[in-house]
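Containing compact mmCIF, C-alpha atoms: work-v2.txt.
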```
# COMPACT_ATOMS: atom_id res chain seq x y z
CA MET K 1372 -152.35 -36.82 -175.86
CA HIS K 1373 -150.92 -33.35 -175.60
CA GLU K 1374 -152.60 -31.92 -178.65
CA SER K 1375 -156.15 -31.69 -179.83
CA ASN K 1376 -155.39 -33.98 -182.77
CA PRO K 1377 -152.30 -36.13 -182.18
CA LEU K 1378 -152.31 -37.62 -185.68
CA GLY K 1379 -153.01 -34.34 -187.44
CA THR K 1380 -155.86 -36.11 -189.25
CA HIS K 1381 -158.77 -38.39 -188.55
CA THR K 1382 -159.16 -39.81 -192.06
CA VAL K 1383 -158.61 -43.55 -192.38
CA CYS K 1384 -156.98 -44.28 -195.76
CA GLN K 1385 -156.33 -48.03 -195.57
CA VAL K 1386 -157.60 -51.17 -193.95
CA ALA K 1387 -155.09 -53.98 -194.41
CA VAL K 1388 -155.37 -57.75 -194.18
CA VAL K 1389 -152.40 -60.09 -193.71
CA VAL K 1390 -152.73 -63.30 -195.73
CA ASP K 1391 -150.60 -66.32 -196.52
CA ASP K 1392 -151.26 -66.51 -200.28
CA ILE K 1393 -151.72 -63.07 -201.78
CA ALA K 1394 -152.52 -64.29 -205.30
CA ALA K 1395 -155.46 -66.36 -204.05
CA TYR K 1396 -156.85 -63.59 -201.83
CA ALA K 1397 -156.37 -60.94 -204.52
CA GLN K 1398 -158.58 -63.02 -206.81
CA ARG K 1399 -161.25 -63.40 -204.12
CA TYR K 1400 -161.33 -59.69 -203.28
CA ALA K 1401 -161.41 -58.80 -206.97
CA ARG K 1402 -164.48 -61.01 -207.41
CA LEU K 1403 -166.14 -59.59 -204.31
CA LEU K 1404 -165.56 -55.98 -205.35
CA GLY K 1405 -166.13 -56.44 -209.07
CA MET K 1406 -162.68 -55.03 -209.78
CA PRO K 1407 -159.69 -56.24 -211.81
CA VAL K 1408 -157.11 -58.36 -210.00
CA PRO K 1409 -154.45 -55.81 -209.05
CA GLU K 1410 -150.75 -56.11 -209.68
CA VAL K 1411 -148.91 -57.66 -206.73
CA ARG K 1412 -145.86 -55.60 -205.84
CA GLN K 1413 -143.04 -56.49 -203.48
CA THR K 1414 -141.46 -54.10 -201.04
CA GLY K 1415 -137.90 -53.20 -201.88
CA PRO K 1416 -134.71 -54.66 -200.40
CA ALA K 1417 -133.62 -53.47 -196.97
CA GLU K 1418 -130.93 -51.15 -198.33
CA GLN K 1419 -133.68 -49.25 -200.15
CA THR K 1420 -136.46 -49.37 -197.58
CA ARG K 1421 -134.23 -48.97 -194.50
CA ILE K 1422 -136.73 -51.18 -192.70
CA LEU K 1423 -136.47 -51.38 -188.91
CA TYR K 1424 -138.50 -54.09 -187.17
CA ARG K 1425 -138.67 -53.47 -183.44
CA GLY K 1426 -135.59 -51.31 -183.76
CA GLN K 1427 -133.44 -53.77 -185.71
CA PRO K 1428 -132.63 -54.07 -189.42
CA THR K 1429 -134.25 -57.09 -191.05
CA GLU K 1430 -134.45 -58.81 -194.42
CA GLY K 1431 -138.22 -59.12 -193.99
CA ARG K 1432 -140.26 -57.92 -196.96
CA ALA K 1433 -143.84 -58.22 -198.15
CA LYS K 1434 -145.95 -58.69 -201.24
CA LEU K 1435 -148.68 -56.04 -201.46
CA ALA K 1436 -151.91 -55.63 -203.44
CA PHE K 1437 -154.32 -52.68 -203.25
CA PHE K 1438 -158.00 -52.24 -204.06
CA GLN K 1439 -159.32 -48.67 -204.13
CA ALA K 1440 -162.50 -49.23 -202.12
CA GLY K 1441 -164.06 -45.79 -202.57
CA PRO K 1442 -162.29 -42.45 -202.95
CA GLN K 1443 -160.94 -42.31 -199.39
CA LEU K 1444 -159.75 -45.81 -198.63
CA ALA K 1445 -157.84 -48.75 -200.06
CA ILE K 1446 -158.12 -52.36 -198.95
CA GLU K 1447 -154.53 -53.62 -198.77
CA LEU K 1448 -153.53 -57.27 -198.86
CA ILE K 1449 -150.13 -58.18 -197.39
CA GLU K 1450 -148.17 -61.42 -197.60
CA PRO K 1451 -144.97 -61.54 -195.57
CA VAL K 1452 -141.83 -62.63 -197.44
CA GLY K 1453 -138.41 -63.51 -196.09
CA GLY K 1454 -137.18 -62.56 -192.63
CA PRO K 1455 -138.82 -61.17 -189.50
CA SER K 1456 -141.32 -58.34 -189.85
CA ILE K 1457 -144.43 -56.95 -188.22
CA TRP K 1458 -146.40 -58.73 -190.97
CA ARG K 1459 -144.74 -62.10 -190.29
CA GLU K 1460 -145.27 -61.60 -186.57
CA HIS K 1461 -149.02 -61.15 -187.10
CA LEU K 1462 -149.30 -64.21 -189.31
CA ASP K 1463 -147.30 -66.37 -186.88
CA GLU K 1464 -149.16 -65.21 -183.77
CA HIS K 1465 -152.71 -64.72 -185.04
CA GLY K 1466 -152.95 -66.24 -188.50
CA PRO K 1467 -154.45 -64.28 -191.39
CA GLY K 1468 -156.69 -61.34 -190.52
CA VAL K 1469 -156.97 -57.57 -190.29
CA HIS K 1470 -153.52 -56.15 -189.64
CA HIS K 1471 -153.90 -52.38 -189.42
CA ILE K 1472 -155.77 -49.23 -190.30
CA ALA K 1473 -153.73 -46.41 -191.79
CA PHE K 1474 -153.73 -42.64 -191.58
CA ARG K 1475 -151.83 -40.29 -193.88
CA VAL K 1476 -150.29 -37.85 -191.43
CA PRO K 1477 -149.10 -34.31 -192.21
CA ASP K 1478 -146.12 -34.54 -189.81
CA MET K 1479 -144.69 -38.01 -189.20
CA ASP K 1480 -142.22 -37.05 -186.48
CA ARG K 1481 -144.84 -35.17 -184.52
CA ALA K 1482 -147.42 -37.96 -184.80
CA VAL K 1483 -144.86 -40.58 -183.74
CA ALA K 1484 -143.82 -38.44 -180.77
CA ASN K 1485 -147.43 -37.85 -179.71
CA LEU K 1486 -148.26 -41.55 -179.82
CA SER K 1487 -145.03 -42.52 -178.09
CA ASP K 1488 -145.98 -40.18 -175.25
CA GLU K 1489 -149.13 -42.30 -174.84
CA ASP K 1490 -147.15 -45.56 -174.64
CA MET K 1491 -147.79 -46.41 -178.28
CA PRO K 1492 -144.27 -46.84 -179.71
CA VAL K 1493 -143.15 -47.58 -183.25
CA ALA K 1494 -143.14 -51.32 -184.03
CA GLN K 1495 -141.70 -51.10 -187.54
CA SER K 1496 -140.71 -48.32 -189.89
CA GLY K 1497 -139.37 -47.93 -193.38
CA HIS K 1498 -139.36 -46.02 -196.62
CA PHE K 1499 -141.09 -46.56 -199.93
CA ALA K 1500 -140.92 -44.71 -203.23
CA GLY K 1501 -142.28 -41.29 -202.38
CA GLY K 1502 -142.63 -41.58 -198.64
CA ARG K 1503 -142.22 -43.45 -195.39
CA TYR K 1504 -144.33 -45.39 -192.94
CA ALA K 1505 -144.45 -46.32 -189.27
CA TYR K 1506 -146.46 -49.09 -187.67
CA ILE K 1507 -147.56 -48.27 -184.15
CA ASP K 1508 -147.90 -50.74 -181.28
CA SER K 1509 -151.42 -49.64 -180.44
CA VAL K 1510 -153.18 -52.99 -180.05
CA ARG K 1511 -153.26 -52.93 -176.27
CA GLN K 1512 -154.94 -49.52 -176.22
CA LEU K 1513 -157.05 -49.64 -179.40
CA GLU K 1514 -157.33 -53.36 -180.32
CA VAL K 1515 -155.93 -52.58 -183.76
CA MET K 1516 -152.51 -51.63 -185.07
CA LEU K 1517 -152.11 -48.19 -186.64
CA GLU K 1518 -149.99 -47.35 -189.64
CA LEU K 1519 -148.85 -43.79 -190.23
CA LEU K 1520 -148.00 -42.79 -193.80
CA ALA K 1521 -146.12 -39.65 -194.80
CA HIS K 1522 -145.49 -38.59 -198.35
CA ASP K 1523 -142.42 -36.64 -199.37
CA ASP K 1524 -144.41 -33.90 -201.06
CA ARG K 1525 -146.29 -32.99 -197.90
CA MET O 658 -169.81 -64.49 -208.23
CA HIS O 659 -172.29 -64.36 -211.06
CA GLU O 660 -172.24 -60.61 -211.58
CA SER O 661 -169.57 -58.10 -212.30
CA ASN O 662 -170.16 -56.47 -208.91
CA PRO O 663 -171.87 -58.78 -206.42
CA LEU O 664 -172.21 -56.12 -203.72
CA GLY O 665 -173.37 -53.38 -206.10
CA THR O 666 -170.66 -51.17 -204.57
CA HIS O 667 -166.99 -51.28 -203.65
CA THR O 668 -167.03 -48.44 -201.11
CA VAL O 669 -166.14 -49.41 -197.55
CA CYS O 670 -168.19 -47.29 -195.13
CA GLN O 671 -167.25 -48.76 -191.73
CA VAL O 672 -164.45 -50.53 -189.97
CA ALA O 673 -165.67 -51.91 -186.65
CA VAL O 674 -163.88 -53.05 -183.52
CA VAL O 675 -165.44 -55.29 -180.85
CA VAL O 676 -164.44 -54.26 -177.32
CA ASP O 677 -165.34 -55.26 -173.78
CA ASP O 678 -165.70 -51.76 -172.31
CA ILE O 679 -167.04 -49.30 -174.84
CA ALA O 680 -166.80 -46.25 -172.59
CA ALA O 681 -163.08 -46.75 -172.06
CA TYR O 682 -162.35 -47.39 -175.75
CA ALA O 683 -164.54 -44.49 -176.88
CA GLN O 684 -162.40 -42.18 -174.74
CA ARG O 685 -159.17 -43.60 -176.19
CA TYR O 686 -160.34 -43.28 -179.79
CA ALA O 687 -161.61 -39.76 -179.15
CA ARG O 688 -158.15 -38.80 -177.85
CA LEU O 689 -156.43 -40.45 -180.78
CA LEU O 690 -158.63 -38.75 -183.37
CA GLY O 691 -158.96 -35.40 -181.64
CA MET O 692 -162.74 -35.75 -181.66
CA PRO O 693 -165.43 -35.48 -178.97
CA VAL O 694 -166.38 -38.67 -177.13
CA PRO O 695 -169.46 -39.84 -179.03
CA GLU O 696 -172.77 -40.83 -177.52
CA VAL O 697 -172.98 -44.56 -176.84
CA ARG O 698 -176.24 -45.97 -178.18
CA GLN O 699 -177.71 -49.39 -177.57
CA THR O 700 -179.39 -51.50 -180.23
CA GLY O 701 -183.13 -51.91 -179.71
CA PRO O 702 -184.92 -54.86 -178.16
CA ALA O 703 -185.44 -57.97 -180.28
CA GLU O 704 -189.08 -57.17 -181.06
CA GLN O 705 -187.89 -53.96 -182.73
CA THR O 706 -184.71 -55.16 -184.40
CA ARG O 707 -186.02 -58.63 -185.38
CA ILE O 708 -182.47 -59.83 -184.83
CA LEU O 709 -181.59 -63.31 -186.10
CA TYR O 710 -178.28 -64.79 -184.97
CA ARG O 711 -177.36 -67.81 -187.06
CA GLY O 712 -181.01 -68.14 -187.99
CA GLN O 713 -182.44 -67.96 -184.47
CA PRO O 714 -184.04 -65.14 -182.50
CA THR O 715 -181.86 -63.89 -179.64
CA GLU O 716 -181.92 -61.35 -176.84
CA GLY O 717 -178.37 -60.34 -177.74
CA ARG O 718 -177.86 -56.59 -178.16
CA ALA O 719 -174.90 -54.23 -178.40
CA LYS O 720 -173.69 -50.82 -177.33
CA LEU O 721 -172.39 -48.83 -180.30
CA ALA O 722 -170.25 -45.71 -180.75
CA PHE O 723 -169.25 -44.10 -184.04
CA PHE O 724 -166.40 -41.83 -185.12
CA GLN O 725 -166.68 -40.26 -188.57
CA ALA O 726 -163.12 -40.93 -189.74
CA GLY O 727 -163.21 -38.96 -192.97
CA PRO O 728 -166.18 -38.39 -195.29
CA GLN O 729 -166.45 -41.99 -196.47
CA LEU O 730 -165.92 -44.10 -193.39
CA ALA O 731 -166.84 -44.43 -189.72
CA ILE O 732 -164.88 -46.30 -187.08
CA GLU O 733 -167.49 -48.21 -185.07
CA LEU O 734 -166.95 -49.54 -181.57
CA ILE O 735 -169.18 -52.42 -180.45
CA GLU O 736 -169.68 -53.91 -177.00
CA PRO O 737 -171.92 -56.98 -176.81
CA VAL O 738 -174.75 -56.86 -174.28
CA GLY O 739 -177.05 -59.63 -173.11
CA GLY O 740 -177.57 -62.89 -175.01
CA PRO O 741 -175.83 -64.58 -177.92
CA SER O 742 -174.84 -62.51 -180.95
CA ILE O 743 -172.22 -62.33 -183.64
CA TRP O 744 -170.53 -59.65 -181.52
CA ARG O 745 -170.47 -61.85 -178.38
CA GLU O 746 -169.20 -64.75 -180.45
CA HIS O 747 -166.23 -62.69 -181.64
CA LEU O 748 -165.38 -61.50 -178.14
CA ASP O 749 -165.63 -65.02 -176.68
CA GLU O 750 -163.63 -66.69 -179.45
CA HIS O 751 -161.02 -64.05 -180.32
CA GLY O 752 -161.16 -61.34 -177.68
CA PRO O 753 -161.40 -57.67 -178.66
CA GLY O 754 -160.35 -56.75 -182.18
CA VAL O 755 -161.51 -55.78 -185.64
CA HIS O 756 -164.93 -57.31 -186.22
CA HIS O 757 -166.02 -56.31 -189.72
CA ILE O 758 -165.83 -53.93 -192.63
CA ALA O 759 -169.15 -52.64 -193.96
CA PHE O 760 -170.57 -51.78 -197.37
CA ARG O 761 -173.79 -49.86 -197.99
CA VAL O 762 -175.45 -51.93 -200.70
CA PRO O 763 -178.09 -50.75 -203.16
CA ASP O 764 -179.98 -54.07 -203.10
CA MET O 765 -179.69 -56.15 -199.92
CA ASP O 766 -181.53 -59.22 -201.17
CA ARG O 767 -179.43 -59.39 -204.31
CA ALA O 768 -176.15 -58.91 -202.45
CA VAL O 769 -177.07 -61.56 -199.88
CA ALA O 770 -178.02 -63.98 -202.65
CA ASN O 771 -174.82 -63.33 -204.59
CA LEU O 772 -172.65 -63.95 -201.52
CA SER O 773 -174.64 -67.00 -200.48
CA ASP O 774 -173.96 -68.47 -203.92
CA GLU O 775 -170.27 -68.18 -203.08
CA ASP O 776 -170.65 -70.02 -199.77
CA MET O 777 -170.72 -66.80 -197.74
CA PRO O 778 -174.03 -67.07 -195.84
CA VAL O 779 -175.68 -64.60 -193.49
CA ALA O 780 -174.43 -64.96 -189.90
CA GLN O 781 -176.72 -62.38 -188.30
CA SER O 782 -179.34 -59.95 -189.54
CA GLY O 783 -181.59 -57.30 -188.11
CA HIS O 784 -183.25 -53.93 -188.50
CA PHE O 785 -182.38 -50.50 -187.18
CA ALA O 786 -184.14 -47.15 -187.44
CA GLY O 787 -184.08 -46.43 -191.16
CA GLY O 788 -182.63 -49.64 -192.49
CA ARG O 789 -181.40 -53.17 -192.01
CA TYR O 790 -178.11 -55.04 -191.87
CA ALA O 791 -176.66 -58.46 -192.55
CA TYR O 792 -173.36 -59.83 -191.29
CA ILE O 793 -171.78 -62.28 -193.71
CA ASP O 794 -169.74 -65.34 -192.78
CA SER O 795 -166.84 -64.39 -195.04
CA VAL O 796 -163.89 -64.98 -192.73
CA ARG O 797 -162.83 -68.25 -194.32
CA GLN O 798 -162.68 -66.68 -197.77
CA LEU O 799 -161.62 -63.09 -196.98
CA GLU O 800 -160.16 -63.21 -193.41
CA VAL O 801 -162.61 -60.52 -192.34
CA MET O 802 -166.35 -60.47 -191.74
CA LEU O 803 -168.47 -58.28 -194.02
CA GLU O 804 -171.48 -56.25 -192.99
CA LEU O 805 -174.04 -55.19 -195.58
CA LEU O 806 -176.14 -52.12 -194.79
CA ALA O 807 -179.30 -51.12 -196.65
CA HIS O 808 -181.23 -47.96 -195.98
CA ASP O 809 -184.97 -47.73 -196.47
CA ASP O 810 -184.70 -44.73 -198.72
CA ARG O 811 -182.54 -46.50 -201.27
```
Would it be possible to restate this file's structure as structure tokens?
Amino acid sequence: MHESNPLGTHTVCQVAVVVDDIAAYAQRYARLLGMPVPEVRQTGPAEQTRILYRGQPTEGRAKLAFFQAGPQLAIELIEPVGGPSIWREHLDEHGPGVHHIAFRVPDMDRAVANLSDEDMPVAQSGHFAGGRYAYIDSVRQLEVMLELLAHDDR
Amino acid sequence: MHESNPLGTHTVCQVAVVVDDIAAYAQRYARLLGMPVPEVRQTGPAEQTRILYRGQPTEGRAKLAFFQAGPQLAIELIEPVGGPSIWREHLDEHGPGVHHIAFRVPDMDRAVANLSDEDMPVAQSGHFAGGRYAYIDSVRQLEVMLELLAHDDR
């Protein structure tokens, strides 16, 4: 890395698990954590999210559910829906399991450039209401995928 | 679960990655996070840790390194050393990757009993300076292993 802190942060804000039946897993995690079963949301259509999976547009989407597991971190459940995506790829190649850890970065373009310089390119990117995300192909170096999150108000 | 909060907490305090060369991965994570390379410690011998792996004593140990990734959570790197262990099992069966998420529980015996009632038994347990731990066979239900941590002063 060319900077003392390539991400601009070292605070993990999510640990995410890909599953094949989000309703069933949301119930199990709710029981484990003693929390209400959260609403399951679906990512928007491609024309809204401008999703790029390995550089190409895709119709892949996902169902998402979040548990706030302490003030710093959410456990995220992800079920792939529809076409190709980084989530579908994980489920097809590895089955259900931990998909990524996420960092909220102060400067997305800078963080992406810093990681790319270290041979950790973007695997998927897109927008959501209020921000954008990038998944980083970091498994070879770190044994876990990274997600970078940037919010519009930062 | 028979209680509103079987763990007695919902705060994740660790996400841990099993690796096969902790010195190399510790350097990579230090670069990623802009943090110093942490000291690598080794778990104590079996007569100190009273380690039980799937109910049996073992000479299995591990090298550990920790990065404080925000106030709530540490990223832990684990390299198995010596005999059989839950860490060695993961490396042999799945290769390097995310091994567990951890919760610091207020009452270890109660948490273990609550999870056991839900068919999530203890996979490995042991002591460390100032506390004890239990790994829970939760992968079938949750797609990730849990670690429970209890400190003597709680």
Using atom CA of O:Ser661 and atom CA of K:Leu1448 as the two end points, give the distance in Å to one decimal.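 Computed distance, atom CA of O:Ser661 to atom CA of K:Leu1448, equals 20.9 Å.
Comparing the minimum interatomic distances between chain O and each of K:Val1469, K:Val1411, K:Val1452, K:Leu1519, counting only C-alpha atoms, we find that K:Val1469 sits nearest.
Across the structure, atom CA of O:Gly717 and atom CA of K:His1465 are spaced 27.0 Å apart.
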Enumerate as number ranges by chain the residues belonging to chain O that approach chain K to within 9 Å, with only C-alpha atoms taken into account. O: 658, 660-670, 672, 674-676, 682, 685-686, 688-692, 725-732, 753-756, 758, 772, 796, 798-801
Find the residues around O:Pro702 up to 10 Å (all atoms listed in the file counted), leave out those fewer than 3 positions away in its own chain, and share them as a ChimeraX atom specification. /O:699,705-708,715-718
Counting all atoms listed in the file, closest pick from K:Asp1391, K:Glu1518, K:Glu1460, K:Asp1478 relative to K:Leu1435 is K:Asp1391
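Interatomic distance, atom CA of O:Arg711 to atom CA of O:Gln781: 5.6 Å.
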Can you list, as an MDAnalysis selection string, every protein, DNA or RNA residue that comes within 8 Å of O:Leu806 when you count only C-alpha atoms, leaving out same-chain residues fewer than 5 positions away? chainID O and resid 759:762 765 788:791
For C-alpha atoms, I'd like the residues from the last selection saved as a PDB file, in the frame of the given file.
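Saved as out.pdb:
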```
ATOM      1  CA  ALA O 759    -169.150 -52.640-193.960  1.00  0.00           C
ATOM      2  CA  PHE O 760    -170.570 -51.780-197.370  1.00  0.00           C
ATOM      3  CA  ARG O 761    -173.790 -49.860-197.990  1.00  0.00           C
ATOM      4  CA  VAL O 762    -175.450 -51.930-200.700  1.00  0.00           C
ATOM      5  CA  MET O 765    -179.690 -56.150-199.920  1.00  0.00           C
ATOM      6  CA  GLY O 788    -182.630 -49.640-192.490  1.00  0.00           C
ATOM      7  CA  ARG O 789    -181.400 -53.170-192.010  1.00  0.00           C
ATOM      8  CA  TYR O 790    -178.110 -55.040-191.870  1.00  0.00           C
ATOM      9  CA  ALA O 791    -176.660 -58.460-192.550  1.00  0.00           C
TER      10      ALA O 791
END
```
